[in-house]
Amino acid sequence: MGVLAPIGRLLFSAIFITSGLNHFFQLEALTAVARNAGVPEPQWAVLLSGLALVVGGLCVLLGVFARLGAAAIALFLVCAAFMVHRFWLVTDPVMAQDQLIHFMKNLSMAGGALFIVYFGPGPFSLRRKGRESGLGGGRLGLPMR
């Protein structure tokens with residue numbers, strides 16, 4: 001059952017790594033979205049959030065500083081939910097439903113990230129031996145007991 005942790009980390013982190021890279025590849029388009037949503041300093045927000053997503057996703061994937069990476073992801077998701085996906089301000093019912101779905105998706109994934117913050121990366125991570133304070137625990141490749 002220990003193999004479920006690295007598979008879960010891979011599946012969880014993939015969207016954040018690819019989305020974070022997309023922040024750089026689609027900088028102009030995402031800056032326009034952020035600007036239209038009223039995000040302060042939209043280009044910097046897109047760049048910094050892209051960096052947080054890529055680094056946070058890699059931390060979770062590898063299990064190195066996974067709790068810190070997951071915390072960065074959770075913070076991004078909650079901020080994006082309330083700043084960008086404001087379904088309550090959308091008058092078109094179809095667009096409002098779309099924004100509600102994105103809002104709830106972000107909150108749901110933030111909840112998953114908070115589980116990683118609480119429980120850590122699990123077995124088969126690249127964490128350092130004996131570091132249980134948010135940076136790991138147990139030996140490389142062996143599950144914690």
# chains A, B, ... in the order shown; residues from 1 in each chain; ligands from 1

$ residues_around --residues "Val46 of chain A" --least-positions-apart "2" --cutoff "8 Å" --atoms "only C-alpha atoms" --output "PyMOL selection string"
chain A and resi 23-24+27+30-31+34+42-44+48-50

$ residues_around --residues "segment 96-101 of chain A" --least-positions-apart "4" --cutoff "10 Å" --atoms "only C-alpha atoms" --output "list in words"
Ala81, Val84, His85, Arg86, Phe87, Trp88, Leu89, Val90, Thr91, Asp92, Lys105, Asn106 and Leu107 of chain A

$ write_last_selection --atoms "C-alpha atoms" --output "PDB file, in the first residue's frame"
ATOM      1  CA  ALA A  81     -10.717  30.934  -5.911  1.00  0.00           C
ATOM      2  CA  VAL A  84     -10.445  35.078  -9.981  1.00  0.00           C
ATOM      3  CA  HIS A  85     -13.413  32.712  -9.785  1.00  0.00           C
ATOM      4  CA  ARG A  86     -15.977  35.089  -8.259  1.00  0.00           C
ATOM      5  CA  PHE A  87     -19.070  33.283  -9.510  1.00  0.00           C
ATOM      6  CA  TRP A  88     -21.321  35.434  -7.319  1.00  0.00           C
ATOM      7  CA  LEU A  89     -20.548  38.471  -9.504  1.00  0.00           C
ATOM      8  CA  VAL A  90     -21.291  36.801 -12.848  1.00  0.00           C
ATOM      9  CA  THR A  91     -24.716  37.551 -14.312  1.00  0.00           C
ATOM     10  CA  ASP A  92     -24.738  34.981 -17.133  1.00  0.00           C
ATOM     11  CA  LYS A 105     -12.379  22.742  -7.648  1.00  0.00           C
ATOM     12  CA  ASN A 106      -9.828  25.139  -6.195  1.00  0.00           C
ATOM     13  CA  LEU A 107     -11.223  24.749  -2.687  1.00  0.00           C
TER      14      LEU A 107
END

$ atom_distance --atom1 "atom CA of Arg9 of chain A" --atom2 "atom CA of Val78 of chain A"
19.8 Å

$ atom_distance --atom1 "atom CA of Phe76 of chain A" --atom2 "atom CA of Gly63 of chain A"
19.2 Å

$ closest_residue --among "A:Leu47, A:Ala32, A:Ile7, A:Ala110" --to "Leu61 of chain A" --atoms "only C-alpha atoms"
A:Ile7

$ atom_distance --atom1 "atom CA of Ala45 of chain A" --atom2 "atom CA of Phe119 of chain A"
28.9 Å

$ residues_around --residues "Ile15 of chain A" --least-positions-apart "6" --cutoff "12 Å" --atoms "only C-alpha atoms" --output "PyMOL selection string"
chain A and resi 9+21-22+50+53-54+56-58+60-61+73+106+109
